[in-house]
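Peer 1: My structure is stored as my_file.txt, with compact mmCIF, C-alpha atoms and all ligand atoms.
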# COMPACT_ATOMS: atom_id res chain seq x y z
CA MET N 21 0.00 0.00 0.00
CA SER N 22 1.37 3.46 -0.86
CA ASP N 23 2.15 5.94 1.90
CA LEU N 24 -0.79 8.08 0.94
CA ALA N 25 -3.22 5.14 0.86
CA SER N 26 -2.13 4.00 4.31
CA LYS N 27 -2.42 7.57 5.63
CA VAL N 28 -5.99 7.72 4.27
CA ARG N 29 -6.80 4.39 5.94
CA SER N 30 -5.31 5.42 9.26
CA LEU N 31 -7.02 8.80 9.48
CA LEU N 32 -10.55 8.11 8.26
CA ARG N 33 -13.34 6.21 9.98
CA PRO N 34 -13.67 2.57 8.86
CA GLU N 35 -17.38 3.02 8.07
CA ILE N 36 -16.47 5.71 5.51
CA LEU N 37 -13.76 3.52 3.95
CA ALA N 38 -16.26 0.68 3.68
CA LEU N 39 -18.88 2.78 1.83
CA SER N 40 -19.31 3.12 -1.92
CA ALA N 41 -20.02 6.63 -3.19
CA TYR N 42 -23.56 7.37 -4.42
CA HIS N 43 -23.14 6.72 -8.10
CA VAL N 44 -24.72 9.06 -10.67
CA PRO N 45 -24.20 7.83 -14.25
CA ASP N 46 -23.29 10.22 -17.05
CA SER N 47 -26.59 10.83 -18.81
CA SER N 48 -25.54 13.18 -21.60
CA GLY N 49 -27.10 12.26 -24.91
CA TYR N 50 -29.59 9.77 -23.44
CA VAL N 51 -33.34 9.80 -23.13
CA LYS N 52 -33.02 10.38 -19.39
CA LEU N 53 -35.55 8.39 -17.41
CA ASP N 54 -33.47 7.41 -14.40
CA ALA N 55 -33.83 10.06 -11.71
CA MET N 56 -37.52 10.88 -11.13
CA GLU N 57 -37.21 14.36 -12.57
CA ASN N 58 -40.13 16.25 -14.04
CA PRO N 59 -39.16 16.21 -17.76
CA TYR N 60 -40.93 19.46 -18.67
CA SER N 61 -39.15 22.78 -18.81
CA TRP N 62 -40.89 26.12 -18.16
CA PRO N 63 -42.79 28.06 -20.84
CA ASP N 64 -40.74 30.87 -22.42
CA ASP N 65 -42.73 33.70 -20.83
CA MET N 66 -42.27 32.16 -17.39
CA VAL N 67 -38.52 31.87 -17.99
CA GLU N 68 -38.41 35.57 -18.95
CA GLU N 69 -40.29 36.56 -15.79
CA TRP N 70 -37.98 34.38 -13.70
CA LEU N 71 -34.87 36.02 -15.17
CA VAL N 72 -36.26 39.45 -14.30
CA ARG N 73 -36.89 38.27 -10.74
CA LEU N 74 -33.33 36.94 -10.48
CA ARG N 75 -32.09 40.52 -10.88
CA GLU N 76 -33.00 40.95 -7.20
CA ALA N 77 -30.26 38.51 -6.28
CA GLN N 78 -27.19 40.00 -4.65
CA PRO N 79 -24.43 37.46 -5.13
CA ASN N 80 -22.05 39.53 -3.00
CA ARG N 81 -24.33 39.14 0.06
CA TYR N 82 -25.09 36.01 2.05
CA PRO N 83 -28.62 34.70 1.61
CA ASP N 84 -31.32 35.13 4.26
CA PRO N 85 -30.19 32.43 6.72
CA SER N 86 -33.73 31.74 7.89
CA CYS N 87 -35.38 31.78 4.41
CA SER N 88 -38.25 33.71 6.00
CA ARG N 89 -40.01 34.79 2.79
CA LEU N 90 -39.68 31.34 1.27
CA LYS N 91 -40.93 29.66 4.43
CA ALA N 92 -44.07 31.80 4.43
CA LYS N 93 -44.77 30.82 0.82
CA LEU N 94 -44.18 27.13 1.52
CA ARG N 95 -46.50 27.20 4.53
CA GLU N 96 -49.28 28.73 2.53
CA ALA N 97 -48.82 26.56 -0.58
CA TYR N 98 -48.43 23.24 1.22
CA GLY N 99 -50.83 23.63 4.15
CA VAL N 100 -48.23 23.44 6.90
CA PRO N 101 -50.22 23.58 10.17
CA GLU N 102 -49.72 26.77 12.17
CA GLU N 103 -48.26 24.98 15.18
CA ALA N 104 -45.55 23.27 13.07
CA ASP N 105 -42.13 24.79 12.41
CA LEU N 106 -39.98 24.36 9.30
CA LEU N 107 -36.38 23.29 8.79
CA MET N 108 -34.91 24.14 5.40
CA GLY N 109 -32.49 21.89 3.57
CA ASN N 110 -30.28 21.87 0.50
CA GLY N 111 -32.52 19.12 -0.85
CA SER N 112 -34.15 16.61 1.48
CA ASP N 113 -30.94 14.58 1.46
CA GLU N 114 -29.46 17.25 3.69
CA ILE N 115 -32.44 17.09 6.01
CA ILE N 116 -31.93 13.33 6.46
CA GLN N 117 -28.31 14.06 7.31
CA ILE N 118 -29.25 16.78 9.83
CA ILE N 119 -31.78 14.54 11.61
CA LEU N 120 -29.31 11.68 11.87
CA MET N 121 -26.43 13.91 12.99
CA ALA N 122 -28.56 15.04 15.93
CA LEU N 123 -29.11 11.55 17.37
CA GLN N 124 -27.70 10.71 20.73
CA GLY N 125 -24.82 8.23 20.93
CA ARG N 126 -23.39 5.97 18.29
CA ASP N 127 -25.71 3.14 19.41
CA ALA N 128 -28.78 4.91 18.06
CA THR N 129 -30.67 2.77 15.56
CA VAL N 130 -32.25 3.98 12.35
CA LEU N 131 -34.96 1.77 10.90
CA ALA N 132 -36.74 1.69 7.54
CA PRO N 133 -38.64 -0.86 5.51
CA GLU N 134 -36.62 -2.06 2.51
CA PRO N 135 -36.29 -1.70 -0.38
CA THR N 136 -36.54 2.04 0.06
CA PHE N 137 -34.64 5.26 -0.64
CA VAL N 138 -30.98 4.31 -0.26
CA MET N 139 -29.83 7.52 1.43
CA TYR N 140 -31.38 6.55 4.79
CA ARG N 141 -28.98 3.61 5.01
CA GLN N 142 -26.10 5.46 3.33
CA ILE N 143 -26.17 8.47 5.68
CA ALA N 144 -26.74 6.33 8.79
CA SER N 145 -23.70 4.22 7.81
CA CYS N 146 -21.63 7.32 7.14
CA LEU N 147 -22.35 8.56 10.64
CA GLY N 148 -21.59 5.19 12.21
CA LEU N 149 -25.21 4.63 13.26
CA LYS N 150 -26.85 1.21 13.27
CA PHE N 151 -29.31 0.74 10.41
CA VAL N 152 -32.03 -1.91 10.44
CA GLY N 153 -33.88 -2.67 7.20
CA VAL N 154 -37.18 -4.55 7.52
CA PRO N 155 -38.21 -6.33 4.29
CA LEU N 156 -41.46 -5.19 2.72
CA ARG N 157 -44.06 -7.84 1.82
CA GLU N 158 -42.96 -9.63 -1.30
CA ALA N 159 -46.25 -9.66 -3.20
CA ASP N 160 -47.28 -6.02 -3.00
CA PHE N 161 -44.45 -4.14 -1.23
CA ALA N 162 -46.80 -3.23 1.63
CA LEU N 163 -45.38 -2.88 5.13
CA ASP N 164 -44.98 -6.28 6.79
CA MET N 165 -46.55 -5.19 10.06
CA ASP N 166 -45.60 -8.34 12.02
CA ALA N 167 -41.98 -7.80 11.03
CA MET N 168 -42.18 -4.04 11.71
CA ARG N 169 -43.68 -4.59 15.20
CA ALA N 170 -41.00 -7.15 16.05
CA ALA N 171 -38.15 -4.96 14.74
CA ILE N 172 -39.43 -1.88 16.60
CA GLU N 173 -39.72 -3.90 19.82
CA THR N 174 -36.24 -5.42 19.45
CA HIS N 175 -34.26 -2.42 18.19
CA ARG N 176 -36.13 0.52 19.78
CA PRO N 177 -35.18 2.77 16.83
CA ALA N 178 -34.43 6.43 17.45
CA VAL N 179 -35.79 7.22 13.98
CA ILE N 180 -38.00 5.36 11.50
CA PHE N 181 -38.09 6.58 7.89
CA LEU N 182 -41.17 5.84 5.81
CA ALA N 183 -41.14 7.06 2.21
CA TYR N 184 -44.74 7.86 1.30
CA PRO N 185 -44.99 6.90 -1.60
CA ASN N 186 -42.00 4.60 -1.39
CA ASN N 187 -39.03 4.72 -3.77
CA PRO N 188 -38.29 2.49 -5.70
CA THR N 189 -41.54 0.52 -5.34
CA GLY N 190 -43.88 3.45 -6.03
CA ASN N 191 -46.64 2.42 -3.61
CA LEU N 192 -48.26 4.25 -0.71
CA PHE N 193 -48.17 2.31 2.55
CA HIS N 194 -51.56 1.76 4.22
CA THR N 195 -52.63 4.70 6.38
CA ASP N 196 -53.62 2.41 9.27
CA ASP N 197 -50.19 0.76 9.25
CA ILE N 198 -48.48 4.15 9.41
CA ALA N 199 -50.79 5.29 12.20
CA GLU N 200 -49.95 2.13 14.18
CA ILE N 201 -46.22 2.72 13.69
CA LEU N 202 -46.70 6.27 14.95
CA GLN N 203 -48.35 4.82 18.08
CA ILE N 204 -45.76 2.17 18.86
CA ALA N 205 -42.52 3.86 17.75
CA PRO N 206 -40.37 4.88 20.73
CA GLY N 207 -38.65 7.68 18.76
CA LEU N 208 -39.16 9.87 15.71
CA VAL N 209 -41.10 8.83 12.62
CA VAL N 210 -40.15 10.73 9.46
CA LEU N 211 -42.69 10.54 6.66
CA ASP N 212 -40.72 11.30 3.53
CA GLU N 213 -43.28 12.76 1.13
CA ALA N 214 -40.91 13.41 -1.78
CA TYR N 215 -43.52 12.21 -4.34
CA THR N 216 -46.61 13.69 -2.74
CA ALA N 217 -47.45 15.76 -5.86
CA TYR N 218 -48.11 12.51 -7.71
CA ALA N 219 -49.95 10.77 -4.88
CA GLY N 220 -52.27 13.44 -3.56
CA ARG N 221 -51.95 11.98 -0.03
CA SER N 222 -50.12 13.44 2.93
CA PHE N 223 -49.69 13.24 6.68
CA MET N 224 -49.06 17.01 6.85
CA PRO N 225 -52.60 17.71 8.19
CA ARG N 226 -52.04 15.12 10.95
CA LEU N 227 -48.87 16.69 12.39
CA ALA N 228 -50.69 17.99 15.46
CA GLU N 229 -51.91 14.47 16.32
CA PHE N 230 -48.43 12.99 16.78
CA ASP N 231 -45.67 14.96 18.47
CA ARG N 232 -42.95 12.62 17.18
CA LEU N 233 -44.08 12.81 13.56
CA LEU N 234 -41.99 14.81 11.12
CA VAL N 235 -43.11 15.37 7.53
CA MET N 236 -40.32 15.83 4.97
CA ARG N 237 -40.85 17.31 1.53
CA THR N 238 -38.73 18.19 -1.47
CA LEU N 239 -39.45 20.33 -4.51
CA SER N 240 -37.16 18.13 -6.62
CA LYS N 241 -39.79 15.76 -7.96
CA LEU N 242 -42.30 18.50 -8.63
CA GLY N 243 -39.89 20.04 -11.13
CA LEU N 244 -37.15 21.90 -9.25
CA ALA N 245 -34.50 19.20 -8.90
CA GLY N 246 -31.73 21.55 -10.02
CA LEU N 247 -32.49 24.11 -7.33
CA ARG N 248 -32.08 21.72 -4.35
CA LEU N 249 -34.74 22.59 -1.84
CA GLY N 250 -36.16 20.32 0.83
CA PHE N 251 -37.97 21.08 4.05
CA LEU N 252 -39.09 19.37 7.22
CA ALA N 253 -42.26 20.21 9.13
CA GLY N 254 -42.70 19.27 12.76
CA ALA N 255 -43.01 20.39 16.37
CA LYS N 256 -40.91 23.40 17.30
CA ALA N 257 -39.17 21.38 20.03
CA TRP N 258 -37.56 19.18 17.34
CA ILE N 259 -37.01 21.77 14.65
CA ASP N 260 -35.23 24.19 17.04
CA GLU N 261 -32.65 21.52 17.85
CA PHE N 262 -32.12 20.41 14.23
CA ASP N 263 -31.73 24.02 13.22
CA LYS N 264 -28.60 24.24 15.38
CA ILE N 265 -26.89 21.71 13.12
CA ARG N 266 -28.00 23.27 9.83
CA LEU N 267 -25.18 25.29 8.30
CA PRO N 268 -26.22 28.96 8.37
CA TYR N 269 -26.52 29.64 4.62
CA ASN N 270 -27.42 26.21 3.31
CA VAL N 271 -30.10 27.50 0.91
CA ASN N 272 -28.43 29.86 -1.54
CA VAL N 273 -29.83 33.13 -2.80
CA LEU N 274 -30.67 31.86 -6.32
CA THR N 275 -32.57 28.90 -4.88
CA GLN N 276 -34.51 31.11 -2.48
CA ILE N 277 -35.59 33.56 -5.17
CA SER N 278 -36.29 30.86 -7.76
CA THR N 279 -38.33 28.61 -5.49
CA GLU N 280 -40.39 31.55 -4.26
CA PHE N 281 -41.09 32.37 -7.89
CA ALA N 282 -41.90 28.76 -8.79
CA ILE N 283 -44.31 28.46 -5.88
CA GLU N 284 -46.14 31.56 -7.11
CA LYS N 285 -46.35 29.89 -10.52
CA ARG N 286 -47.19 26.48 -9.16
CA SER N 287 -50.24 26.11 -11.40
CA VAL N 288 -47.75 25.60 -14.28
CA LEU N 289 -45.97 22.84 -12.35
CA GLU N 290 -49.29 21.30 -11.35
CA ALA N 291 -50.38 21.19 -14.99
CA GLN N 292 -47.14 19.35 -15.78
CA VAL N 293 -47.91 16.90 -12.97
CA GLY N 294 -51.31 16.33 -14.60
CA LEU N 295 -49.63 15.37 -17.88
CA ILE N 296 -47.21 13.06 -16.07
CA LEU N 297 -50.11 11.33 -14.31
CA GLN N 298 -51.83 10.67 -17.64
CA ASP N 299 -48.60 9.26 -19.06
CA ARG N 300 -48.04 7.14 -15.96
CA GLN N 301 -51.32 5.39 -16.70
CA TYR N 302 -50.35 4.96 -20.37
CA LEU N 303 -46.91 3.57 -19.49
CA TYR N 304 -48.39 1.23 -16.86
CA GLU N 305 -50.86 -0.21 -19.35
CA GLU N 306 -48.29 -0.56 -22.13
CA LEU N 307 -45.72 -2.22 -19.84
CA GLY N 308 -48.46 -4.60 -18.70
CA ARG N 309 -48.99 -5.70 -22.30
CA LEU N 310 -45.38 -6.87 -22.70
CA SER N 311 -44.96 -10.55 -22.09
CA GLY N 312 -42.50 -11.52 -19.37
CA VAL N 313 -42.91 -8.18 -17.61
CA GLN N 314 -44.53 -7.78 -14.19
CA VAL N 315 -45.48 -4.17 -13.63
CA TYR N 316 -46.25 -2.57 -10.27
CA GLN N 317 -48.87 0.12 -9.83
CA SER N 318 -47.35 3.47 -8.85
CA ASP N 319 -48.44 6.55 -6.90
CA ALA N 320 -45.25 8.39 -7.89
CA ASN N 321 -43.66 9.68 -11.12
CA PHE N 322 -41.90 6.40 -11.90
CA ILE N 323 -42.83 2.77 -12.42
CA LEU N 324 -41.09 -0.33 -11.11
CA PHE N 325 -41.23 -3.46 -13.25
CA ARG N 326 -39.75 -6.91 -13.02
CA LEU N 327 -38.40 -9.03 -15.86
CA LEU N 328 -39.60 -12.58 -15.40
CA ARG N 329 -37.68 -14.24 -18.22
CA HIS N 330 -34.83 -11.91 -19.14
CA ASP N 331 -31.58 -10.91 -17.49
CA ALA N 332 -32.22 -7.42 -16.07
CA ASN N 333 -28.55 -6.37 -16.31
CA GLN N 334 -28.51 -7.23 -19.97
CA VAL N 335 -31.82 -5.54 -20.74
CA PHE N 336 -30.65 -2.42 -18.91
CA ARG N 337 -27.39 -2.38 -20.91
CA LYS N 338 -29.15 -2.90 -24.24
CA LEU N 339 -31.63 -0.13 -23.46
CA LYS N 340 -28.69 2.12 -22.70
CA ASP N 341 -27.00 1.08 -25.95
CA SER N 342 -30.15 2.16 -27.75
CA GLY N 343 -30.02 5.57 -26.05
CA VAL N 344 -32.46 5.12 -23.14
CA LEU N 345 -31.22 5.46 -19.57
CA ILE N 346 -33.38 4.02 -16.79
CA LYS N 347 -32.42 2.61 -13.36
CA ASN N 348 -31.21 -0.94 -12.92
CA LEU N 349 -32.23 -2.18 -9.46
CA HIS N 350 -31.29 -5.80 -10.02
CA PRO N 351 -27.82 -5.35 -8.43
CA SER N 352 -29.50 -4.32 -5.14
CA GLY N 353 -30.69 -7.94 -4.80
CA GLY N 354 -33.37 -9.10 -2.36
CA ARG N 355 -36.88 -8.05 -3.32
CA LEU N 356 -35.47 -6.15 -6.34
CA VAL N 357 -34.00 -9.08 -8.25
CA GLY N 358 -34.95 -8.66 -11.91
CA CYS N 359 -36.31 -5.14 -11.33
CA LEU N 360 -35.85 -1.96 -13.36
CA ARG N 361 -37.35 1.48 -12.67
CA VAL N 362 -38.41 3.97 -15.29
CA THR N 363 -39.25 7.62 -14.64
CA ILE N 364 -42.25 8.98 -16.53
CA GLY N 365 -40.90 11.20 -19.29
CA MET N 366 -42.49 13.28 -22.03
CA PRO N 367 -44.79 11.35 -24.37
CA GLU N 368 -42.16 10.89 -27.10
CA GLU N 369 -39.60 9.75 -24.53
CA ASN N 370 -42.02 7.22 -23.09
CA ARG N 371 -42.73 5.89 -26.57
CA LYS N 372 -39.01 5.61 -27.34
CA PHE N 373 -38.48 3.72 -24.11
CA LEU N 374 -41.39 1.33 -24.79
CA LYS N 375 -40.24 0.69 -28.32
CA ALA N 376 -36.65 0.07 -27.23
CA LEU N 377 -37.79 -2.26 -24.44
CA ALA N 378 -40.08 -4.24 -26.77
CA ASN N 379 -37.17 -4.61 -29.22
CA VAL N 380 -34.72 -5.73 -26.55
CA LEU N 381 -37.18 -8.26 -25.10
CA ALA N 382 -37.88 -9.65 -28.60
CA SER N 383 -34.21 -9.91 -29.56
C1 LIG V 1 -37.99 9.06 -1.16
C2 LIG V 1 -36.99 10.11 -1.48
N1 LIG V 1 -36.67 11.02 -0.56
C3 LIG V 1 -35.79 12.00 -0.80
C4 LIG V 1 -35.15 12.09 -2.03
C5 LIG V 1 -34.10 13.15 -2.23
O1 LIG V 1 -34.61 14.30 -2.72
P1 LIG V 1 -33.78 15.67 -2.81
O2 LIG V 1 -33.60 15.91 -4.25
O3 LIG V 1 -34.66 16.66 -2.14
O4 LIG V 1 -32.50 15.49 -2.05
C6 LIG V 1 -35.44 11.16 -3.02
C7 LIG V 1 -34.74 11.23 -4.33
O5 LIG V 1 -34.77 10.36 -5.13
C8 LIG V 1 -36.37 10.13 -2.74
O6 LIG V 1 -36.68 9.20 -3.65
Just dump the structure as structure tokens.
Ligand SMILES: Cc1ncc(COP(=O)(O)O)c(C=O)c1O

Peer 2:
Amino acid sequence: MSDLASKVRSLLRPEILALSAYHVPDSSGYVKLDAMENPYSWPDDMVEEWLVRLREAQPNRYPDPSCSRLKAKLREAYGVPEEADLLMGNGSDEIIQIILMALQGRDATVLAPEPTFVMYRQIASCLGLKFVGVPLREADFALDMDAMRAAIETHRPAVIFLAYPNNPTGNLFHTDDIAEILQIAPGLVVLDEAYTAYAGRSFMPRLAEFDRLLVMRTLSKLGLAGLRLGFLAGAKAWIDEFDKIRLPYNVNVLTQISTEFAIEKRSVLEAQVGLILQDRQYLYEELGRLSGVQVYQSDANFILFRLLRHDANQVFRKLKDSGVLIKNLHPSGGRLVGCLRVTIGMPEENRKFLKALANVLAS
């Protein structure tokens, strides 16, 4: 081992050395259906208005550290109950990191059903926290409540993450199951509502019922992935503590101005969501027609499907060779063996994907 490599090994924590970096493939030139983005750009007149608004930005000054104007707009637009406070994040990834950094002791356990959003496990591992994944039911990816009850009893998790709808499976967990988890959990329960725009369901109105419930949102999936804005709603007692960890200027001035503007214009984004929902139905039906494909119903802006007779790695590679980039989940193993995930794109992108997939499956 070189001197430098052994220095790196001796100075850094073993859990960091053991991790693999979150991999983002180069997508240039592809029909990009891998990252749950809203594929639609803004109409020209909206772009012009946005650019005028950006003139307000003062790049020589730090941004408003408390995002007060933006917070007021978010509260109004997303029905945040009056008694709840907000924590702002550079994407919801940062909020997950802040919550986990605040936990007491390195023995704290983080629990989530799996498969789910990989950053819960990744960030917990990075921080040296124990992570417990509880397999979802095999047939329908619902919460396995017997397994959840047992795991909660055994591990007494400090935090439970529930993605609602779940990524990568696309389903909404049953409301009664979530309510039971909220009753029996000894610590925090974070409902990660990243895809709420496509599901129309939320626990936001129920915040006052459960003082250990936190509702996390992001504007990424609605159409602002490039701006990086996430937020967490919950009781002031929690938010005040998390806010001490948040770096003072984590939401930059361009993001603050642009998200305020986008929220004012949210009817445009909502119309785009409407188109995506129509195309989700189309894609679901068309995928269901392909033989050897098991397709799962989705409440998000992507669809999970399983190849019953083909090698998923090969199909993924051939789709990529034909210019279509989706997400290969087969390497994750477990419940995701044979699974691929496609984000709903624009109609012509969806057609290209379906055509390429039909060709690959027939070849
Ligand atoms: C369930 C879930 N939560 C959070 C995120 C991260 O979102 P952000 O872009 O706000 O960091 C994702 C992104 O894929 C996700 O699927």

Peer 1: Provide the atom CA of Asp197 of chain N to atom CA of Met139 of chain N distance in Å, to one decimal place.

Peer 2: 22.8 Å

Peer 1: Restrict the calculation to all atoms listed in the file, then for each residue of chain N with any atom at most 8 Å from an atom of ligand LIG 1 (chain V) give the closest atom pair and their distance in Å to one decimal, rows by chain and rising residue number, as JSON lines.

Peer 2:
{"residue": "N:Ala55", "atom": "CA", "partner": "V:LIG1", "partner_atom": "O5", "distance": 6.7}
{"residue": "N:Met56", "atom": "CA", "partner": "V:LIG1", "partner_atom": "O5", "distance": 6.6}
{"residue": "N:Asn110", "atom": "CA", "partner": "V:LIG1", "partner_atom": "O4", "distance": 7.2}
{"residue": "N:Gly111", "atom": "CA", "partner": "V:LIG1", "partner_atom": "O3", "distance": 3.5}
{"residue": "N:Ser112", "atom": "CA", "partner": "V:LIG1", "partner_atom": "O3", "distance": 3.7}
{"residue": "N:Asp113", "atom": "CA", "partner": "V:LIG1", "partner_atom": "O4", "distance": 3.9}
{"residue": "N:Glu114", "atom": "CA", "partner": "V:LIG1", "partner_atom": "O4", "distance": 6.7}
{"residue": "N:Thr136", "atom": "CA", "partner": "V:LIG1", "partner_atom": "C1", "distance": 7.3}
{"residue": "N:Phe137", "atom": "CA", "partner": "V:LIG1", "partner_atom": "C1", "distance": 5.1}
{"residue": "N:Met139", "atom": "CA", "partner": "V:LIG1", "partner_atom": "C3", "distance": 7.8}
{"residue": "N:Ala183", "atom": "CA", "partner": "V:LIG1", "partner_atom": "C1", "distance": 5.0}
{"residue": "N:Tyr184", "atom": "CA", "partner": "V:LIG1", "partner_atom": "C1", "distance": 7.3}
{"residue": "N:Pro185", "atom": "CA", "partner": "V:LIG1", "partner_atom": "C1", "distance": 7.3}
{"residue": "N:Asn186", "atom": "CA", "partner": "V:LIG1", "partner_atom": "C1", "distance": 6.0}
{"residue": "N:Asn187", "atom": "CA", "partner": "V:LIG1", "partner_atom": "O6", "distance": 5.1}
{"residue": "N:Pro188", "atom": "CA", "partner": "V:LIG1", "partner_atom": "O6", "distance": 7.2}
{"residue": "N:Asp212", "atom": "CA", "partner": "V:LIG1", "partner_atom": "N1", "distance": 5.8}
{"residue": "N:Glu213", "atom": "CA", "partner": "V:LIG1", "partner_atom": "C1", "distance": 6.8}
{"residue": "N:Ala214", "atom": "CA", "partner": "V:LIG1", "partner_atom": "N1", "distance": 5.0}
{"residue": "N:Tyr215", "atom": "CA", "partner": "V:LIG1", "partner_atom": "C1", "distance": 7.1}
{"residue": "N:Arg237", "atom": "CA", "partner": "V:LIG1", "partner_atom": "O3", "distance": 7.2}
{"residue": "N:Thr238", "atom": "CA", "partner": "V:LIG1", "partner_atom": "O3", "distance": 4.4}
{"residue": "N:Leu239", "atom": "CA", "partner": "V:LIG1", "partner_atom": "O3", "distance": 6.5}
{"residue": "N:Ser240", "atom": "CA", "partner": "V:LIG1", "partner_atom": "O2", "distance": 4.8}
{"residue": "N:Lys241", "atom": "CA", "partner": "V:LIG1", "partner_atom": "O2", "distance": 7.2}
{"residue": "N:Ala245", "atom": "CA", "partner": "V:LIG1", "partner_atom": "O2", "distance": 5.8}
{"residue": "N:Arg248", "atom": "CA", "partner": "V:LIG1", "partner_atom": "O2", "distance": 6.0}
{"residue": "N:Leu249", "atom": "CA", "partner": "V:LIG1", "partner_atom": "O3", "distance": 5.9}
{"residue": "N:Gly250", "atom": "CA", "partner": "V:LIG1", "partner_atom": "O3", "distance": 4.9}

Peer 1: State, in Å with one decimal place, the distance from atom CA of Leu71 of chain N to atom CA of Gly109 of chain N.

Peer 2: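 Computing the Euclidean distance for atom CA of Leu71 of chain N and atom CA of Gly109 of chain N yields 23.6 Å.
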
Peer 1: With all atoms listed in the file as the basis for distance, which of N:Glu134, N:Leu377, N:Ser22, N:Arg157 is at the shortest distance from Val335 of chain N?

Peer 2: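 The answer is N:Leu377, which sits nearest to Val335 of chain N.
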
Peer 1: With distances taken over only C-alpha atoms, which residue among N:Leu349, N:Val44, N:Val293, N:Leu24 lies nearest Ala217 of chain N?

Peer 2: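 When distances to Ala217 of chain N are compared using only C-alpha atoms, the smallest one comes from N:Val293.
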
Peer 1: Have a look at atom CA of Leu107 of chain N and atom CA of Leu252 of chain N and let me know their distance in Å, one decimal.

Peer 2: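 So the two atoms, atom CA of Leu107 of chain N and atom CA of Leu252 of chain N, lie 5.0 Å apart.
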
Peer 1: Find, counting all atoms listed in the file, the residue in N:Pro101, N:Lys27, N:His330, N:Gln124 that gets nearest to Phe223 of chain N.

Peer 2: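 Using all atoms listed in the file, Phe223 of chain N sits closest to N:Pro101.
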
Peer 1: In the coordinates of the file, take the point (-42.4, -5.6, -12.2) and a cut-off of 8 Å; then, counting all atoms listed in the file, name each qualifying protein, DNA or RNA residue as a PyMOL selection string.

Peer 2: chain N and resi 313-316+324-327+359-360
